[in-house]
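Chemist: Below are the structure tokens for one structure; questions will follow.
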Amino acid sequence: MASTLQEQFDTEAQQKDASTLGMWIFLITEVMFFGGMFTAYTVYRRAYSDAFAVASSSLNVTIGAINTAVLLVSSFTMVMAVRAAQLGQRRTLILFLVATLIFGGIFLGVKAYEWNEKFEQHHVPGPSFHLEGVPQQSHAQLFFSLYFAMTGLHALHMVIGVGIISWLIWLARQGRFTAEYNTPVDIAGLYWHFVDIIWIFLFPLLYLIDRHLPK
Amino acid sequence: MITAAVPEREDYLNVSHGLKSWLLTKDHKRIGLLYLATITLFFFLGGVFATVIRIELLTPGGGLVSSETYNKLFTMHGVTMIFFFLLPSIPAVFGNFFLPMMIGARDLAFPRINLLSWYLLVVGGLFALFAMLAGGVDTGWTFYTPYSTTYSNTWVIATALGIFVAGFSSILTGLNFIVTIHRMRAPGMTWFRMPLFVWAHYATALIQVLGTPVLAVTIVLVFCERVFHIGIFDPALGGDPVLFQHLFWFYSHPAVYIMILPAMGVVSELVSTFSRKAIFGYRIVAFSSVAIAVLGFLVWGHHMFVSGQSLFAGMAFSFLSYFVAIPSAIKVFNWTATLYKGSISYATPMLYAFGFIGLFTMGGLTGLFVAALGIDVHVTDTYFVVAHFHYIMVGGAIMGYMGGLHYWWPKMTGRMYPEGWAKLSALVIFLGFNLTFFPQFILGYLGMPRRYHTYPAEFQILHVLSTAGASVLAVGYAIPMIYFAWSLRYGKVAGANPWGATGLEWKTASPPPLHNFDKIPVVTHDAYDYSTVVGEAVEVG
Ligand code: HEM
Ligand SMILES: [Cu+2]
């Protein structure tokens with residue numbers, strides 16, 4: 001088999017360590033990236049809490065919850081894929097990667113449905129925007145601007161993740177992963193879980209918080 | 001160890017030929033040179049803008065260019081110099097080239113990502129260049145909202161996209177450095193045996209990785225607001241322009257340390273090498289780099305004293321700003337203490353190191369002036385601030401860059417530069433710099449606002465002095481361009497260690513072989529242990 005060791009490294013272990021650390025650092029940059037948006041959200045939620053409460057309760061919690069479940073299951077299948085890769089089980093690996101891909105696809109499909117709903121309800125920021133029960137429409141618009149920016153950015157990360165997993169499936173079918181060499185599956189797993197976790201924060205912040213407030 | 005460049009010896013420059021072997025290279029040394037060429041072009045471009053600005057300011061009435069054009073000129077000067085020259089400068093050129101060598105590695109951990117980061121800088125630069133050629137941009141390098149998102153009719157989006165892309169270049173460089181320092185050190189190269197240049201780059205990389213993504217998301221939001229009118233920052237739509245300033249400075253204050261920390265790393269190498277002494281208080285200097293990186297994240301609000309942030313916030317940011325000055329001052333004291341009883345030689349790199357120490361101190365001290373809430377309300381948005389940051393960025397960072405360029409030139413090319421000309425130009429640069437920027441402190445203190453091209457007639461003398469200084473400075477920068485090019489062919493052949501320095505980069509041939517070392521070194525000494533180089537030639541006095 002062709003060597004998978006790149007010339008700047010001495011050992012496979014060093015190479016794997018380096019790749020994993022690299023991915024962790026990349027994820028930290030992602031935290032900072034999303035952090036900017038979370039900051040903006042926090043500032044405006046505090047400034048316009050009434051409008052945000054009304055806007056937040058107009059979101060469809062059931063759909064949000066279903067999507068949360070879908071993502072959690074996809075994380076599970078991803079873990080199983082990583083494990084299969086470590087054990088060198090090629091067929092199981094492909095199976096779980098395909099499952100992860102499907103759940104990722106479902107999430108994106110549901111998200112697209114949800115966004116489409118917003119267009120029909122005139123909840124998309126723009127000239128035709130309208131939300132019942134909010135005196136200052138621009139404040140409610142701000143909620144939806146942030147909603148689209150944050151969920152959009154998250155969805156973009158999902159799309160990239162789907163691309164990565166498709167690529168892994170292609171590699172796995174060629175038999176490129178073994179019990180000794182499976183770093184790409186490992187670090188793709190890290191990325192996938194991270195994108196999940198972002199959603200785990202988005203869901204309560206956008207959908208759940210403030211629901212108890214009177215309209 | 002005699003490794004003078006015997007013609008047939010294979011090194012990283014002659015191991016392969018042709019444009020493709022450069023554009024697809026994964027060798028950190030070649031990538032460093034690609035960066036060197038790229039940022040030199042941007043430095044030239046930024047210099048052209050500066051020249052027009054200074055000529056315009058010769059007369060109080062304006063006249064050479066319109067106000068609109070003037071706004072574009074200072075914006076494009078700032079954007080080019082900061083994002084496409086100074087931020088990449090030392091890390092991307094010398095960090096790339098020497099960080100792996102200094103820790104005894106064959107390359108960075110991720111060579112392909114390294115090449116990608118160069119392409120990102122080029123693509124980002126092309127976006128910005130396109131914007132400049134298509135009509136320019138006039139928001140200032142700070143892109144304050146809502147002007148940038150709503151009112152400006154210039155090429156904001158193209159420029160911002162360019163900065164966004166170049167930002168990822170910076171992020172990937174930082175990521176690569178951190179992983180390399182953690183995972184690629186040669187046997188025996190413990191953390192506290194690493195040269196201070198490496199420590200400085202570790203700290204820099206932390207800022208690149210933690211700060212730059214915030215700039216990126218800020219640009220995304222500006223983009224959304226300008227294109228979709230969504231109102232995150234525009235008060236007319238319910239947004240808050242001060243939030244933009246917070247996000248922008250959360251990156252851009254730490255970013256000033258991306259520019260200065262690497263230069264500090266260079267100066268540590270230079271001061272040690274040319275006084276043949278270990279840096280006094282090595283550990284403290286190492287930690288002070290990390291301290292600067294951490295504290296640098298806590299002071300961004302000192303750019304917003306007059307923005308309407310609360311008085312309490314203003315006081316807190318003012319107070320915290322004084323803390324950042326402590327680790328910076330520690331470095332200055334320790335370099336000075338290193339000189340004490342050293343055997344100092346006044347080679348060109350050392351002249352630049354002296355220049356750095358003096359001018360950075362001036363910049364840092366005036367930083368304390370502007371960090372004081374009461375004084376800043378008087379001098380903010382005047383030439384005083386312009387002078388402050390030019391003392392640090394040009395007097396400090398670029399001096400460090402020039403010092404590094406002279407110091408490592410023999411290693412990178414295998415040739416010495418002409419020492420006499422180099423000393424002359426170092427002197428010209430020092431004089432030209434001070435003549436350009438010292439008058440600006442006075443101008444600012446007297447009330448000359450920044451970013452205006454007309455001014456009261458009584459300021460003219462100081463402006464003329466400044467423009468005269470800028471001409472001298474331009475000559476000072478032009479001379480090295482000529483003699484460096486000349487030296488590639490006619491320079492004296494450099495040995496492996498022309499300065500008698502201690503770093504591992506000097507323990508291999510000049511220019512180095514493809515994978516840096518014939519055999520990976522085993523490190524048994526601290527950094528700056530001059531007993532390891534006894535008997536090696538010191539060629540310059
Ligand atoms: C010694 C620590 C430093 C302190 C306490 C300090 C303080 C300040 C303060 C308070 C301002 C805002 C002034 C105003 O706008 O009214 C300022 C501006 C600035 N400083 Fe510093 N500074 C320090 C070091 C540096 C360094 C190391 C750099 C760059 C390498 C730098 C670059 C800048 C720049 C670019 C600006 C102006 C930004 C703009 O408004 O366009 N400073 N500094
Ligand atoms: Cu600052």
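Within each chain, counting starts at residue 1; across the structure tokens, chains are named A, B, ... in the order shown, with ligands numbered 1 upward in that order.
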If you count only C-alpha atoms, which residues fall within 8 Å of B:Pro480, apart from same-chain ones fewer than 4 positions away, as a PyMOL selection string?
Modeler: chain B and resi 421-422+425+476+484
Chemist: Could you write those residues out with C-alpha atoms, as a short mmCIF file (atom, residue, chain, number, x, y, z; two decimals), in the first residue's frame?
Modeler:
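Generated output (result12.cif):
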data_model
loop_
_atom_site.label_atom_id
_atom_site.label_comp_id
_atom_site.auth_asym_id
_atom_site.auth_seq_id
_atom_site.Cartn_x
_atom_site.Cartn_y
_atom_site.Cartn_z
CA TRP B 421 24.97 50.94 1.29
CA ALA B 422 22.80 49.10 3.79
CA SER B 425 19.98 53.47 3.81
CA GLY B 476 15.63 55.16 2.03
CA PHE B 484 19.17 43.48 -2.71
#
Chemist: Which neighbours of B:Met412 fall inside 10 Å, counting only C-alpha atoms, when residues of the same chain fewer than 5 positions from it are skipped, and could you give them as a list of chain:residue names?
Modeler: B:Tyr12, B:Leu13, B:Lys29, B:Arg30, B:Gly32, B:Leu33, B:Phe94, B:Phe97, B:Phe98, B:Leu405, B:Tyr407, B:Ala509, B:Ser510, B:Pro511, B:Pro512
Chemist: Restricting it to N, CA, C and O atoms, dump the selection as a PDB file, in the first residue's frame.
Modeler:
ATOM      1  N   TYR B  12      17.193  24.527  -1.944  1.00  0.00           N
ATOM      2  CA  TYR B  12      15.762  24.650  -2.247  1.00  0.00           C
ATOM      3  C   TYR B  12      15.504  25.499  -3.484  1.00  0.00           C
ATOM      4  O   TYR B  12      14.430  25.443  -4.062  1.00  0.00           O
ATOM      5  N   LEU B  13      16.494  26.301  -3.884  1.00  0.00           N
ATOM      6  CA  LEU B  13      16.263  27.172  -5.035  1.00  0.00           C
ATOM      7  C   LEU B  13      16.526  26.470  -6.352  1.00  0.00           C
ATOM      8  O   LEU B  13      15.833  26.708  -7.338  1.00  0.00           O
ATOM      9  N   LYS B  29       9.873  27.440   2.434  1.00  0.00           N
ATOM     10  CA  LYS B  29      10.844  28.482   2.101  1.00  0.00           C
ATOM     11  C   LYS B  29      10.446  29.193   0.818  1.00  0.00           C
ATOM     12  O   LYS B  29      10.485  30.412   0.731  1.00  0.00           O
ATOM     13  N   ARG B  30      10.043  28.400  -0.172  1.00  0.00           N
ATOM     14  CA  ARG B  30       9.598  29.029  -1.413  1.00  0.00           C
ATOM     15  C   ARG B  30       8.321  29.828  -1.196  1.00  0.00           C
ATOM     16  O   ARG B  30       8.148  30.898  -1.759  1.00  0.00           O
ATOM     17  N   GLY B  32       7.492  31.320   1.463  1.00  0.00           N
ATOM     18  CA  GLY B  32       7.930  32.568   2.087  1.00  0.00           C
ATOM     19  C   GLY B  32       8.376  33.577   1.042  1.00  0.00           C
ATOM     20  O   GLY B  32       8.028  34.764   1.110  1.00  0.00           O
ATOM     21  N   LEU B  33       9.102  33.118   0.041  1.00  0.00           N
ATOM     22  CA  LEU B  33       9.562  34.046  -0.993  1.00  0.00           C
ATOM     23  C   LEU B  33       8.400  34.527  -1.868  1.00  0.00           C
ATOM     24  O   LEU B  33       8.379  35.675  -2.312  1.00  0.00           O
ATOM     25  N   PHE B  94       9.042  35.751   7.028  1.00  0.00           N
ATOM     26  CA  PHE B  94      10.102  35.158   7.849  1.00  0.00           C
ATOM     27  C   PHE B  94       9.572  34.042   8.738  1.00  0.00           C
ATOM     28  O   PHE B  94      10.276  33.078   9.019  1.00  0.00           O
ATOM     29  N   PHE B  97       9.412  31.081   6.501  1.00  0.00           N
ATOM     30  CA  PHE B  97      10.714  30.598   6.106  1.00  0.00           C
ATOM     31  C   PHE B  97      11.461  30.014   7.303  1.00  0.00           C
ATOM     32  O   PHE B  97      12.052  28.928   7.223  1.00  0.00           O
ATOM     33  N   PHE B  98      11.425  30.706   8.436  1.00  0.00           N
ATOM     34  CA  PHE B  98      12.363  30.358   9.502  1.00  0.00           C
ATOM     35  C   PHE B  98      11.763  29.648  10.696  1.00  0.00           C
ATOM     36  O   PHE B  98      12.484  28.986  11.428  1.00  0.00           O
ATOM     37  N   LEU B 405      14.993  41.312   7.257  1.00  0.00           N
ATOM     38  CA  LEU B 405      15.339  41.093   5.851  1.00  0.00           C
ATOM     39  C   LEU B 405      16.863  41.094   5.661  1.00  0.00           C
ATOM     40  O   LEU B 405      17.421  40.238   4.970  1.00  0.00           O
ATOM     41  N   TYR B 407      19.096  40.573   8.055  1.00  0.00           N
ATOM     42  CA  TYR B 407      19.693  39.512   8.865  1.00  0.00           C
ATOM     43  C   TYR B 407      19.627  38.168   8.150  1.00  0.00           C
ATOM     44  O   TYR B 407      20.594  37.401   8.118  1.00  0.00           O
ATOM     45  N   ALA B 509      23.205  24.767   5.541  1.00  0.00           N
ATOM     46  CA  ALA B 509      23.834  25.556   4.484  1.00  0.00           C
ATOM     47  C   ALA B 509      23.010  26.777   4.113  1.00  0.00           C
ATOM     48  O   ALA B 509      21.822  26.863   4.397  1.00  0.00           O
ATOM     49  N   SER B 510      23.662  27.754   3.450  1.00  0.00           N
ATOM     50  CA  SER B 510      22.972  28.913   2.879  1.00  0.00           C
ATOM     51  C   SER B 510      23.146  28.845   1.372  1.00  0.00           C
ATOM     52  O   SER B 510      24.282  28.842   0.925  1.00  0.00           O
ATOM     53  N   PRO B 511      22.069  28.843   0.604  1.00  0.00           N
ATOM     54  CA  PRO B 511      20.686  28.601   1.000  1.00  0.00           C
ATOM     55  C   PRO B 511      20.477  27.155   1.446  1.00  0.00           C
ATOM     56  O   PRO B 511      21.238  26.283   1.034  1.00  0.00           O
ATOM     57  N   PRO B 512      19.470  26.918   2.269  1.00  0.00           N
ATOM     58  CA  PRO B 512      19.276  25.594   2.854  1.00  0.00           C
ATOM     59  C   PRO B 512      18.849  24.559   1.820  1.00  0.00           C
ATOM     60  O   PRO B 512      18.271  24.919   0.794  1.00  0.00           O
TER      61      PRO B 512
END
Chemist: Write down, as a list in words, each residue of chain B that has any atom within 7 Å of an atom of chain A, counting only C-alpha atoms.
Modeler: Arg106, Asp107, Ala109, Leu175, Val179, Arg183, Val209, Leu210, Pro213, Val214, Ala216, Val217, Ile230, Gly231, Ile232, Leu237 and Gly238 of chain B
Chemist: Which residues are near ligand 1 in this structure, taking near to mean any atom at most 6 Å from a ligand atom and counting only C-alpha atoms and all ligand atoms? Format them as a ChimeraX atom specification.
Modeler: /B:256-257,259-260,302-303,321-322,324-325,364,367-368,370-371,376,380-381,385,389,392-393
Chemist: Can you tell me, as a short mmCIF file (atom, residue, chain, number, x, y, z; two decimals) with N, CA and C atoms, in the first residue's frame, what residues are no more than 10 Å from B:Gly104 when counting only C-alpha atoms, ignoring any on the same chain fewer than 2 positions away?
Modeler:
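Final file, selection.cif:
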data_model
loop_
_atom_site.label_atom_id
_atom_site.label_comp_id
_atom_site.auth_asym_id
_atom_site.auth_seq_id
_atom_site.Cartn_x
_atom_site.Cartn_y
_atom_site.Cartn_z
N PHE B 98 11.43 30.71 8.44
CA PHE B 98 12.36 30.36 9.50
C PHE B 98 11.76 29.65 10.70
N LEU B 99 10.44 29.79 10.89
CA LEU B 99 9.90 29.11 12.07
C LEU B 99 10.16 27.61 12.04
N PRO B 100 9.90 26.92 10.93
CA PRO B 100 10.22 25.48 10.93
C PRO B 100 11.70 25.22 11.12
N MET B 101 12.54 26.05 10.51
CA MET B 101 13.98 25.81 10.64
C MET B 101 14.45 26.01 12.07
N MET B 102 13.88 27.03 12.73
CA MET B 102 14.34 27.33 14.08
C MET B 102 14.00 26.24 15.08
N ARG B 106 11.26 19.83 9.17
CA ARG B 106 11.47 19.80 7.73
C ARG B 106 10.53 20.75 7.01
N ASP B 107 9.39 21.02 7.60
CA ASP B 107 8.43 21.94 6.98
C ASP B 107 7.39 22.29 8.04
N MET B 184 5.94 19.71 15.95
CA MET B 184 7.02 19.44 15.00
C MET B 184 8.41 19.76 15.54
N ARG B 185 8.54 19.99 16.83
CA ARG B 185 9.85 20.38 17.34
C ARG B 185 10.83 19.22 17.28
N ALA B 186 12.09 19.53 16.98
CA ALA B 186 13.12 18.50 16.88
C ALA B 186 13.39 17.91 18.27
N PRO B 187 13.99 16.72 18.31
CA PRO B 187 14.32 16.14 19.61
C PRO B 187 15.16 17.11 20.44
N GLY B 188 14.78 17.30 21.68
CA GLY B 188 15.54 18.19 22.56
C GLY B 188 15.10 19.63 22.50
N MET B 189 14.26 19.99 21.50
CA MET B 189 13.81 21.38 21.40
C MET B 189 12.61 21.57 22.32
N GLY B 503 20.90 30.28 16.28
CA GLY B 503 19.68 29.56 15.89
C GLY B 503 19.97 28.38 14.99
N LEU B 504 19.06 27.40 15.00
CA LEU B 504 19.25 26.21 14.16
C LEU B 504 19.27 26.56 12.67
N GLU B 505 18.61 27.69 12.31
CA GLU B 505 18.61 28.05 10.89
C GLU B 505 20.02 28.33 10.39
N LYS B 507 22.60 26.53 11.31
CA LYS B 507 23.38 25.29 11.40
C LYS B 507 23.24 24.45 10.14
N ASN B 516 15.66 21.42 4.61
CA ASN B 516 16.28 22.26 5.63
C ASN B 516 17.56 21.71 6.23
N PHE B 517 17.55 20.45 6.65
CA PHE B 517 18.72 19.90 7.32
C PHE B 517 19.10 18.59 6.63
N LYS B 519 20.45 16.31 8.28
CA LYS B 519 20.03 15.37 9.30
C LYS B 519 19.33 16.20 10.37
N ILE B 520 18.16 15.73 10.84
CA ILE B 520 17.42 16.52 11.82
C ILE B 520 18.30 16.71 13.06
N PRO B 521 18.47 17.97 13.49
CA PRO B 521 19.38 18.22 14.62
C PRO B 521 18.79 17.72 15.94
N VAL B 522 19.70 17.39 16.85
CA VAL B 522 19.27 17.09 18.22
C VAL B 522 19.73 18.25 19.08
N VAL B 523 18.80 18.85 19.81
CA VAL B 523 19.10 20.09 20.51
C VAL B 523 19.54 19.78 21.94
#
Chemist: Quick one: of B:Ile330, B:Met304, B:Ile442, B:Leu221, who's nearest to ligand 2, counting only C-alpha atoms and all ligand atoms?
Modeler: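 When distances to ligand 2 are compared using only C-alpha atoms and all ligand atoms, the smallest one comes from B:Met304.
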Chemist: Return the single residue from B:Pro254, B:Pro439, B:Pro498, B:Gly404 that is closest to ligand 2, with distances computed using only C-alpha atoms and all ligand atoms.
Modeler: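 When distances to ligand 2 are compared using only C-alpha atoms and all ligand atoms, the smallest one comes from B:Pro254.
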Chemist: Taking into account only C-alpha atoms and all ligand atoms, which residue in the set B:Leu126, B:Leu196, B:Ile53, B:Ala255 is nearest to ligand 2?
Modeler: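 Among the listed residues, B:Ala255 lies closest to ligand 2.
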Chemist: Could you give me, as a list in words, the residues within 6 Å of B:Thr75, counting only C-alpha atoms and dropping anything in the same chain fewer than 3 positions from it?
Modeler: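 The residues satisfying every condition are Lys72, Gly78, Asp138, Gly140 and Trp141 of chain B.
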Chemist: Return the single residue from B:Val220, B:Ala478, B:Ala329, B:Leu298 that is closest to ligand 2, with distances computed using only C-alpha atoms and all ligand atoms.
Modeler: B:Leu298
Chemist: Can you pull out every residue within 10 Å of B:Phe274, counting only C-alpha atoms, but drop anything in the same chain fewer than 2 positions away, and send it as number ranges by chain?
Modeler: B: 269-272, 276-277, 339, 342-351, 353, 499-501, 538, 540-541
Chemist: Output C-alpha atoms for every residue in the selection just made, as a PDB file, in the first residue's frame.
Modeler:
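Full text of result.pdb as output:
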ATOM      1  CA  GLU B 269      17.068  37.616  17.646  1.00  0.00           C
ATOM      2  CA  LEU B 270      18.981  40.654  16.457  1.00  0.00           C
ATOM      3  CA  VAL B 271      19.821  42.041  19.876  1.00  0.00           C
ATOM      4  CA  SER B 272      21.138  38.698  21.031  1.00  0.00           C
ATOM      5  CA  ARG B 276      26.651  37.929  21.516  1.00  0.00           C
ATOM      6  CA  LYS B 277      24.693  37.471  24.705  1.00  0.00           C
ATOM      7  CA  LEU B 339      23.179  45.074  25.590  1.00  0.00           C
ATOM      8  CA  GLY B 342      27.674  42.652  25.445  1.00  0.00           C
ATOM      9  CA  SER B 343      30.172  42.730  22.609  1.00  0.00           C
ATOM     10  CA  ILE B 344      28.058  44.812  20.322  1.00  0.00           C
ATOM     11  CA  SER B 345      28.590  45.014  16.595  1.00  0.00           C
ATOM     12  CA  TYR B 346      26.866  47.656  14.546  1.00  0.00           C
ATOM     13  CA  ALA B 347      25.910  45.626  11.509  1.00  0.00           C
ATOM     14  CA  THR B 348      22.880  46.828   9.571  1.00  0.00           C
ATOM     15  CA  PRO B 349      20.345  44.494  11.202  1.00  0.00           C
ATOM     16  CA  MET B 350      21.445  45.797  14.581  1.00  0.00           C
ATOM     17  CA  LEU B 351      20.972  49.378  13.429  1.00  0.00           C
ATOM     18  CA  ALA B 353      16.988  46.860  15.984  1.00  0.00           C
ATOM     19  CA  TRP B 499      26.801  36.392  11.892  1.00  0.00           C
ATOM     20  CA  GLY B 500      28.005  33.730  14.283  1.00  0.00           C
ATOM     21  CA  ALA B 501      24.396  33.337  15.442  1.00  0.00           C
ATOM     22  CA  VAL B 538      31.828  36.876  12.603  1.00  0.00           C
ATOM     23  CA  VAL B 540      30.910  42.165  10.110  1.00  0.00           C
ATOM     24  CA  GLY B 541      31.875  44.843  12.587  1.00  0.00           C
TER      25      GLY B 541
END
Chemist: Can you pull out every residue within 8 Å of stretch 82-85 of chain A, counting only C-alpha atoms, but drop anything in the same chain fewer than 2 positions away, and send it as a VMD selection string?
Modeler: chain A and resid 78 to 80 87 to 90 92 to 93 177 to 179 182 185 to 186 189
Chemist: Which residues are close to stretch 99-105 of chain A, i.e. within 10 Å by only C-alpha atoms, leaving aside same-chain residues fewer than 2 positions away? Reply as a PyMOL selection string.
Modeler: chain A and resi 67+69-81+93-97+107-111+155+158-159+161-166+169+192
Chemist: Print the selection's residues with N, CA and C atoms to a file, as a short mmCIF file (atom, residue, chain, number, x, y, z; two decimals), in the first residue's frame.
Modeler:
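result.cif, written as the output of this step:
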data_model
loop_
_atom_site.label_atom_id
_atom_site.label_comp_id
_atom_site.auth_asym_id
_atom_site.auth_seq_id
_atom_site.Cartn_x
_atom_site.Cartn_y
_atom_site.Cartn_z
N ASN A 67 -36.03 18.90 13.90
CA ASN A 67 -34.72 19.08 13.30
C ASN A 67 -33.60 18.86 14.31
N ALA A 69 -33.71 16.81 16.78
CA ALA A 69 -33.59 15.35 16.94
C ALA A 69 -32.84 14.75 15.75
N VAL A 70 -33.19 15.20 14.56
CA VAL A 70 -32.53 14.68 13.36
C VAL A 70 -31.02 14.87 13.47
N LEU A 71 -30.63 16.07 13.89
CA LEU A 71 -29.19 16.35 13.97
C LEU A 71 -28.52 15.49 15.03
N LEU A 72 -29.20 15.31 16.17
CA LEU A 72 -28.59 14.50 17.23
C LEU A 72 -28.37 13.07 16.74
N VAL A 73 -29.37 12.55 16.03
CA VAL A 73 -29.20 11.19 15.50
C VAL A 73 -28.04 11.15 14.52
N SER A 74 -27.90 12.19 13.70
CA SER A 74 -26.81 12.20 12.73
C SER A 74 -25.46 12.21 13.44
N SER A 75 -25.42 12.88 14.58
CA SER A 75 -24.17 12.86 15.35
C SER A 75 -23.85 11.44 15.81
N PHE A 76 -24.91 10.74 16.21
CA PHE A 76 -24.72 9.36 16.66
C PHE A 76 -24.19 8.50 15.51
N THR A 77 -24.81 8.62 14.35
CA THR A 77 -24.34 7.79 13.23
C THR A 77 -22.90 8.16 12.86
N MET A 78 -22.55 9.43 13.04
CA MET A 78 -21.18 9.85 12.74
C MET A 78 -20.20 9.17 13.71
N VAL A 79 -20.58 9.13 14.99
CA VAL A 79 -19.72 8.46 15.97
C VAL A 79 -19.52 7.00 15.57
N MET A 80 -20.62 6.36 15.15
CA MET A 80 -20.53 4.96 14.76
C MET A 80 -19.62 4.81 13.53
N ALA A 81 -19.67 5.79 12.63
CA ALA A 81 -18.82 5.73 11.45
C ALA A 81 -17.35 5.80 11.87
N LEU A 93 -18.58 1.25 7.88
CA LEU A 93 -18.19 2.66 7.76
C LEU A 93 -19.04 3.36 6.69
N ILE A 94 -19.10 2.73 5.52
CA ILE A 94 -19.86 3.36 4.43
C ILE A 94 -21.32 3.48 4.82
N LEU A 95 -21.84 2.42 5.45
CA LEU A 95 -23.25 2.45 5.86
C LEU A 95 -23.54 3.65 6.76
N PHE A 96 -22.71 3.83 7.78
CA PHE A 96 -22.99 4.92 8.73
C PHE A 96 -22.73 6.29 8.11
N LEU A 97 -21.76 6.36 7.22
CA LEU A 97 -21.54 7.64 6.55
C LEU A 97 -22.76 8.00 5.70
N PHE A 107 -32.25 17.36 7.49
CA PHE A 107 -32.21 18.63 8.23
C PHE A 107 -32.31 19.79 7.25
N LEU A 108 -31.51 19.73 6.19
CA LEU A 108 -31.51 20.86 5.24
C LEU A 108 -32.86 20.99 4.55
N GLY A 109 -33.48 19.83 4.26
CA GLY A 109 -34.79 19.88 3.63
C GLY A 109 -35.81 20.56 4.53
N VAL A 110 -35.83 20.15 5.78
CA VAL A 110 -36.78 20.74 6.73
C VAL A 110 -36.53 22.24 6.87
N LYS A 111 -35.25 22.59 6.91
CA LYS A 111 -34.89 24.00 7.05
C LYS A 111 -35.43 24.79 5.85
N ALA A 155 -26.60 26.61 8.10
CA ALA A 155 -26.94 25.72 6.98
C ALA A 155 -25.77 25.62 6.01
N MET A 158 -23.56 23.14 7.24
CA MET A 158 -24.12 21.81 7.00
C MET A 158 -23.84 21.36 5.57
N VAL A 159 -24.03 22.28 4.63
CA VAL A 159 -23.81 21.93 3.23
C VAL A 159 -22.35 21.51 3.02
N GLY A 161 -20.45 20.28 5.30
CA GLY A 161 -20.32 18.98 5.95
C GLY A 161 -20.82 17.86 5.06
N VAL A 162 -21.95 18.09 4.41
CA VAL A 162 -22.49 17.07 3.50
C VAL A 162 -21.49 16.79 2.39
N GLY A 163 -20.88 17.86 1.88
CA GLY A 163 -19.86 17.67 0.85
C GLY A 163 -18.71 16.83 1.37
N ILE A 164 -18.24 17.13 2.58
CA ILE A 164 -17.10 16.39 3.13
C ILE A 164 -17.46 14.92 3.29
N ILE A 165 -18.67 14.66 3.77
CA ILE A 165 -19.05 13.27 4.01
C ILE A 165 -19.18 12.51 2.69
N SER A 166 -19.72 13.19 1.67
CA SER A 166 -19.78 12.52 0.36
C SER A 166 -18.38 12.13 -0.10
N ILE A 169 -17.18 9.13 1.72
CA ILE A 169 -17.80 7.91 1.22
C ILE A 169 -17.06 7.43 -0.02
N TRP A 192 -18.35 17.68 12.14
CA TRP A 192 -19.79 17.42 12.11
C TRP A 192 -20.41 17.67 13.49
#
Chemist: Which of these residues is nearest to ligand 2, using only C-alpha atoms and all ligand atoms: B:Phe333, B:Phe430, B:Phe197, B:Phe250?
Modeler: B:Phe250
Chemist: Using only C-alpha atoms and all ligand atoms, pick whichever of B:Pro449, B:Leu359, B:Leu161, B:Leu320 has the shortest atom-to-atom distance to ligand 2.
Modeler: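 The closest residue to ligand 2 is B:Leu320.
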Chemist: Record the distance separating atom CA of B:Gly174 and atom CA of B:Thr508, expressed in Å with one decimal.
Modeler: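 Between these atoms lies a distance of 25.6 Å.
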